[in-house]
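Let me begin by presenting the structure, written as structure tokens, before commenting on it.
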Amino acid sequence: MYRPIVFINMPAFMKAYQEIQKRKEISAVSNRLFQSLKLEDQIYDAAARKVPHLKEILKCKPRGLPIFQDIVRDLFQCFYSLKPIRRPEHELSIAARSISAPLFAQFEKDADYTRLQSRCRGRSFLAAEGAAEFAEKLLQHPQDLVPKHGSQKDMAQVLEQQEQIFQKMLKTLDYKKALYDKESTDERFRSLSNQMNRMLHKAKQLEDLHRILNDSISAASHSRAQTVQQAAEAAEQHTQGLKTLLDAWDTELRSEQFGEIDMEILNRAQSSDLLARIARYLGPCRELMHEQRNNGYTYRRGEKCGITRGAQIQQALSSELAYLAHPVTAPLFLHKMSRRQIRQYQRRERISLGAGDVIVCVDESGSTESDDKDAWAKAVAYALVDKVGSQGRRASVIHFSSASEVSEDLFIPGQYTPEDVMNSARHFYRGGTDYEAPLRKAVSTLDSGVLSKADIVFITDGQCRVSSDFQDWLCAKLAEHRASITGILLDSGNSFEFSLKGFCKKIYRTSELAPSEILSELVFT
């Protein structure tokens, strides 16, 4: 039972008064856990208007979770910001301290947290989609986020109500003290003392409620952890799929500004099964090319240094040589060296000013539709288009199938858009296979002068042959234009005889090398 304190004099009262004043609530209390810049708020507002998934989520108002929209905003800030900054605890509302703080503390422990941050950082569209997906999963179990006690009371709401009562009582206490300061009578001192006793009683009650709230938060930790894990996993998978599509078809990787192009590209890519399958190979490849370009440095008169993959021990990075420090990891180093996958420094070389253009002939016969061969072949084609385009070189993609089914798409740097690339990638004949027609088309392109000194990449499943007369004519034309052909045979699992040796300088076979290794050889060297 609470026993009131008898204040015998003003000094004793003032000591209690000074202690109780420390509990005065600051005016700037926020439901937001993370701080944000004005520009970040503008970017979020734009995303909330333009991203359909986020718009739908923000319309939800779950009962018992009044700060849901603030949680969504914090999720976006956590994903988008380079380094999320938390508000000091004294600036947080009770709801933010009891709901948002435990939620994000659990999220930071999750394995997907770092991946989500690195993937969405600076990319407003991905951050908005990730926040919406995460919040959508939270809505399935909102009861796991709100601490309860006894008869399922929302402890945060109860405590907040009692805090509001306490702050009103504190204002009354200040008013009575001001009256006493004007006229120090015994009656006013008794009234002031009684108000202080009520305040101390309420403060003790609040301490008990805070303890109960903390116990409730701890009791819900297991169910909250499961909910957060499911939400983080769903957001990770969702953003990974979207990032793959955007990286595959967007012209500017890691764009920091939200634009209509994101939604346009996404809608087009999701509407086509072929584009989605191509993106699974092309997206990671373009991301690696982007990183490789960023890791390159230019010195003096065009000398270039970067990081590549190979089997030269003397050029290997220190992180790779560290594998040799222990008997357990040494075999892994030898395995990587045998596959030419050691990360190593690229020697400084003079940039070749006479680097030629690229022609990619892609087999679109019906037989390539099996085992994702069509998607992988096109991923190689448009990865090469992206590579040479970044170097100011021209590229051509020749689609071929039967003798009468041949078409060409020309890509001149600065004159094509993501839509042009996607339209080209969607093209597919599904006919037979004829080699002579696409090769004649490639030679015709060289004869016209549109492309020069071109490297020709010929991708096929190998189910065709060419005549000896055509082969002689082709070799003469290649010599005339100082061009060469690299063949890629999609024969994984078959290892059948093929007819590329007559006109290809080098041949890669998927029965001998993994597609990722062939892609690395062509694109990253």
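Chain labels run A, B, ... following the order of the structure tokens; each chain numbers its residues from 1, and ligands are numbered from 1 in the order shown.
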Exercise for review: Please provide as a PyMOL selection string all residues within 7 Å of stretch 56-70 of chain A, with the sequence filter that same-chain residues fewer than 6 positions apart are discarded (counting only C-alpha atoms).
Suggested key: chain A and resi 31-32+132+136
Given the selection you just returned, output its residues as a file containing N, CA and C atoms, formatted as a compact mmCIF listing (two decimals), in the first residue's frame.
```
# COMPACT_ATOMS: atom_id res chain seq x y z
N ASN A 31 7.34 8.88 -33.50
CA ASN A 31 7.09 7.46 -33.69
C ASN A 31 8.10 6.84 -34.66
N ARG A 32 8.94 7.65 -35.28
CA ARG A 32 9.95 7.19 -36.23
C ARG A 32 11.22 6.81 -35.49
N ALA A 132 7.75 -2.64 -48.62
CA ALA A 132 6.36 -3.07 -48.79
C ALA A 132 6.21 -4.57 -48.57
N GLU A 136 4.16 -6.25 -45.56
CA GLU A 136 3.03 -7.13 -45.89
C GLU A 136 3.09 -8.42 -45.08
```
Exercise for review: Would you list the contacts of A:Ala316 as number ranges by chain, taking every protein, DNA or RNA residue within 8 Å and counting only C-alpha atoms, but skipping same-chain residues closer than 5 positions in sequence?
Suggested key: A: 321, 342-345
Keeping only N, CA and C atoms, write those residues as a PDB file, in the first residue's frame.
```
ATOM      1  N   LEU A 321      45.797 -15.738 -51.800  1.00  0.00           N
ATOM      2  CA  LEU A 321      46.974 -16.448 -51.302  1.00  0.00           C
ATOM      3  C   LEU A 321      46.782 -16.922 -49.867  1.00  0.00           C
ATOM      4  N   ILE A 342      41.102 -17.748 -59.928  1.00  0.00           N
ATOM      5  CA  ILE A 342      41.795 -16.974 -58.892  1.00  0.00           C
ATOM      6  C   ILE A 342      41.657 -15.487 -59.206  1.00  0.00           C
ATOM      7  N   ARG A 343      41.248 -14.734 -58.209  1.00  0.00           N
ATOM      8  CA  ARG A 343      41.170 -13.283 -58.387  1.00  0.00           C
ATOM      9  C   ARG A 343      42.589 -12.721 -58.360  1.00  0.00           C
ATOM     10  N   GLN A 344      42.949 -11.985 -59.409  1.00  0.00           N
ATOM     11  CA  GLN A 344      44.316 -11.508 -59.536  1.00  0.00           C
ATOM     12  C   GLN A 344      44.332 -10.093 -60.117  1.00  0.00           C
ATOM     13  N   TYR A 345      45.468  -9.419 -59.889  1.00  0.00           N
ATOM     14  CA  TYR A 345      45.636  -8.082 -60.442  1.00  0.00           C
ATOM     15  C   TYR A 345      45.862  -8.177 -61.950  1.00  0.00           C
TER      16      TYR A 345
END
```
Practice item. If you run DSSP over the backbone, which residues in stretch 213-452 of chain A end up strand (DSSP E or B)? Put them as a ChimeraX atom specification. Key: /A:297-299,303-310,316,342-350,358-363,365,395-400,406-411,431
Any chance you could export the current selection's N, CA and C atoms as a CSV table (one decimal), in the first residue's frame?
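Here's the written file result_14.csv:
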```csv
chain,number,residue,atom,x,y,z
A,297,TYR,N,41.4,1.5,-62.9
A,297,TYR,CA,42.0,2.8,-62.7
A,297,TYR,C,42.9,3.1,-63.9
A,298,THR,N,43.0,4.3,-64.3
A,298,THR,CA,43.8,4.7,-65.4
A,298,THR,C,44.9,5.6,-65.0
A,299,TYR,N,46.1,5.3,-65.5
A,299,TYR,CA,47.3,6.1,-65.0
A,299,TYR,C,48.0,6.6,-66.3
A,303,GLU,N,47.6,3.7,-69.4
A,303,GLU,CA,47.9,2.4,-68.8
A,303,GLU,C,46.7,2.1,-67.9
A,304,LYS,N,46.3,0.8,-67.9
A,304,LYS,CA,45.1,0.4,-67.1
A,304,LYS,C,45.4,-0.7,-66.2
A,305,CYS,N,44.8,-0.6,-64.9
A,305,CYS,CA,45.0,-1.6,-63.9
A,305,CYS,C,43.7,-2.0,-63.3
A,306,GLY,N,43.4,-3.3,-63.1
A,306,GLY,CA,42.1,-3.7,-62.5
A,306,GLY,C,42.3,-5.0,-61.9
A,307,ILE,N,41.1,-5.6,-61.6
A,307,ILE,CA,41.1,-7.0,-61.0
A,307,ILE,C,40.4,-7.9,-62.0
A,308,THR,N,41.0,-9.1,-62.2
A,308,THR,CA,40.4,-10.1,-63.1
A,308,THR,C,40.6,-11.4,-62.5
A,309,ARG,N,40.3,-12.5,-63.3
A,309,ARG,CA,40.4,-13.9,-62.8
A,309,ARG,C,41.3,-14.6,-63.8
A,310,GLY,N,42.1,-15.5,-63.2
A,310,GLY,CA,43.0,-16.3,-64.0
A,310,GLY,C,43.7,-17.3,-63.1
A,316,ALA,N,48.2,-13.0,-58.0
A,316,ALA,CA,47.0,-13.2,-57.2
A,316,ALA,C,46.9,-12.2,-56.0
A,342,ILE,N,41.1,-17.7,-59.9
A,342,ILE,CA,41.8,-17.0,-58.9
A,342,ILE,C,41.7,-15.5,-59.2
A,343,ARG,N,41.2,-14.7,-58.2
A,343,ARG,CA,41.2,-13.3,-58.4
A,343,ARG,C,42.6,-12.7,-58.4
A,344,GLN,N,42.9,-12.0,-59.4
A,344,GLN,CA,44.3,-11.5,-59.5
A,344,GLN,C,44.3,-10.1,-60.1
A,345,TYR,N,45.5,-9.4,-59.9
A,345,TYR,CA,45.6,-8.1,-60.4
A,345,TYR,C,45.9,-8.2,-61.9
A,346,GLN,N,45.2,-7.3,-62.7
A,346,GLN,CA,45.4,-7.2,-64.1
A,346,GLN,C,46.6,-6.3,-64.4
A,347,ARG,N,47.5,-6.8,-65.2
A,347,ARG,CA,48.7,-6.0,-65.5
A,347,ARG,C,48.4,-4.7,-66.2
A,348,ARG,N,49.2,-3.7,-66.0
A,348,ARG,CA,48.9,-2.4,-66.7
A,348,ARG,C,49.3,-2.6,-68.1
A,349,GLU,N,48.3,-2.3,-69.0
A,349,GLU,CA,48.5,-2.4,-70.4
A,349,GLU,C,48.0,-1.1,-71.1
A,350,ARG,N,48.6,-0.9,-72.2
A,350,ARG,CA,48.1,0.2,-73.0
A,350,ARG,C,46.7,-0.1,-73.6
A,358,VAL,N,31.5,-5.8,-82.4
A,358,VAL,CA,31.2,-7.1,-82.1
A,358,VAL,C,29.9,-7.5,-82.9
A,359,ILE,N,29.9,-8.7,-83.5
A,359,ILE,CA,28.6,-9.2,-84.1
A,359,ILE,C,28.4,-10.6,-83.3
A,360,VAL,N,27.1,-10.7,-82.8
A,360,VAL,CA,26.7,-11.9,-82.1
A,360,VAL,C,25.6,-12.6,-82.9
A,361,CYS,N,25.9,-13.8,-83.4
A,361,CYS,CA,24.9,-14.6,-84.1
A,361,CYS,C,24.2,-15.6,-83.1
A,362,VAL,N,22.9,-15.5,-82.9
A,362,VAL,CA,22.2,-16.2,-81.9
A,362,VAL,C,21.3,-17.2,-82.5
A,363,ASP,N,21.5,-18.5,-82.3
A,363,ASP,CA,20.6,-19.6,-82.8
A,363,ASP,C,19.3,-19.5,-82.1
A,365,SER,N,16.6,-21.6,-83.1
A,365,SER,CA,15.9,-22.8,-83.6
A,365,SER,C,15.1,-23.4,-82.4
A,395,ALA,N,27.8,-2.8,-81.8
A,395,ALA,CA,27.4,-4.2,-81.8
A,395,ALA,C,26.2,-4.5,-82.6
A,396,SER,N,26.2,-5.7,-83.0
A,396,SER,CA,25.1,-6.2,-83.8
A,396,SER,C,24.7,-7.6,-83.3
A,397,VAL,N,23.4,-7.8,-83.2
A,397,VAL,CA,22.8,-9.1,-82.8
A,397,VAL,C,22.1,-9.7,-84.0
A,398,ILE,N,22.5,-10.8,-84.5
A,398,ILE,CA,21.8,-11.5,-85.7
A,398,ILE,C,21.1,-12.7,-85.2
A,399,HIS,N,19.7,-12.6,-85.3
A,399,HIS,CA,18.9,-13.8,-84.9
A,399,HIS,C,18.7,-14.7,-86.2
A,400,PHE,N,18.9,-16.0,-85.9
A,400,PHE,CA,18.8,-16.9,-87.1
A,400,PHE,C,18.1,-18.2,-86.7
A,406,VAL,N,16.2,-14.8,-90.8
A,406,VAL,CA,17.3,-14.1,-90.4
A,406,VAL,C,17.0,-12.6,-90.2
A,407,SER,N,17.4,-12.0,-89.1
A,407,SER,CA,17.2,-10.6,-88.9
A,407,SER,C,18.3,-10.0,-88.0
A,408,GLU,N,18.5,-8.7,-88.1
A,408,GLU,CA,19.6,-8.1,-87.4
A,408,GLU,C,19.2,-6.9,-86.6
A,409,ASP,N,19.7,-6.8,-85.4
A,409,ASP,CA,19.5,-5.6,-84.6
A,409,ASP,C,20.8,-4.9,-84.4
A,410,LEU,N,20.9,-3.6,-84.7
A,410,LEU,CA,22.2,-2.9,-84.6
A,410,LEU,C,22.1,-2.0,-83.3
A,411,PHE,N,23.2,-2.0,-82.6
A,411,PHE,CA,23.3,-1.2,-81.3
A,411,PHE,C,24.5,-0.2,-81.4
A,431,GLY,N,12.3,-22.0,-85.5
A,431,GLY,CA,12.3,-22.8,-86.7
A,431,GLY,C,13.4,-23.9,-86.7
```
Study note, to complete from the structure: A:Val388 proximity check over A:Asp181, A:Asp455, A:Asp372, A:Asp215, using only C-alpha atoms: winner is A:Asp455
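Residues with any atom within 7 Å of stretch 117-121 of chain A, counting only C-alpha atoms and excluding same-chain neighbours fewer than 2 positions away, are A:Phe79, A:Tyr80, A:Ser81, A:Leu82, A:Tyr113, A:Thr114, A:Arg115, A:Arg123, A:Leu126, A:Ala127.
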Exercise for review: Compile the contact shell of stretch 163-167 of chain A as a list in words: residues with an atom at most 9 Å away, counting only C-alpha atoms, same-chain residues fewer than 2 positions apart removed.
Suggested key: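 So, after excluding close chain neighbours, the residues are Arg23, Lys24, Glu25, Val158, Leu159, Glu160, Gln161, Met169, Leu170, Lys171, Thr172, Met199, Lys202, Ala203 and Leu206 of chain A.
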**Study point:** Per-residue DSSP, stretch 114-293 of chain A, filtered to helix (DSSP H, G or I), as number ranges by chain
**Key:** A: 114-120, 124-138, 142-144, 155-182, 186-219, 221-249, 260-270, 273-293
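Remark: for A:His290, the closest of the candidate residues A:Val466, A:Ala383, A:Val421, A:Ala46 is A:Ala383 (distances computed over only C-alpha atoms).
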Review point. With distances taken over only C-alpha atoms, which of A:Ala111, A:Leu522, A:Ala425, A:Leu446 is nearest to A:Leu274?
Key: A:Ala425
Check your understanding: Which residues, written as number ranges by chain, have at least one atom at most 12 Å from A:Leu490, with only C-alpha atoms counted and residues fewer than 6 positions away on the same chain left out?
Key -> A: 362-363, 367-377, 458-463, 496-498, 500, 507-515, 518
Practice item. Tell me which of A:Met14, A:Val450, A:Ala101, A:Val51 sits closest to A:Leu192, counting only C-alpha atoms. Key: A:Met14
Neighbouring residues of A:Asp447 were defined as those with any atom within 10 Å, considering only C-alpha atoms; residues of the same chain fewer than 5 positions away were excluded. Please report them as a CSV table (one decimal) with N, CA and C atoms, in the first residue's frame.
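Generated output (selection38.csv):
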```csv
chain,number,residue,atom,x,y,z
A,441,LYS,N,24.9,-12.7,-93.5
A,441,LYS,CA,24.4,-11.5,-93.0
A,441,LYS,C,25.5,-10.7,-92.3
A,442,ALA,N,26.3,-11.5,-91.5
A,442,ALA,CA,27.4,-10.9,-90.7
A,442,ALA,C,28.4,-10.3,-91.7
A,452,SER,N,33.3,-2.5,-88.2
A,452,SER,CA,34.6,-2.7,-88.7
A,452,SER,C,35.4,-3.5,-87.7
A,477,LYS,N,36.6,-14.0,-96.7
A,477,LYS,CA,36.0,-12.7,-96.3
A,477,LYS,C,36.5,-12.3,-94.9
A,480,GLU,N,39.8,-10.8,-95.3
A,480,GLU,CA,39.7,-9.5,-95.9
A,480,GLU,C,39.3,-8.4,-94.9
A,481,HIS,N,38.4,-8.7,-93.9
A,481,HIS,CA,38.0,-7.8,-92.9
A,481,HIS,C,38.7,-7.9,-91.6
```
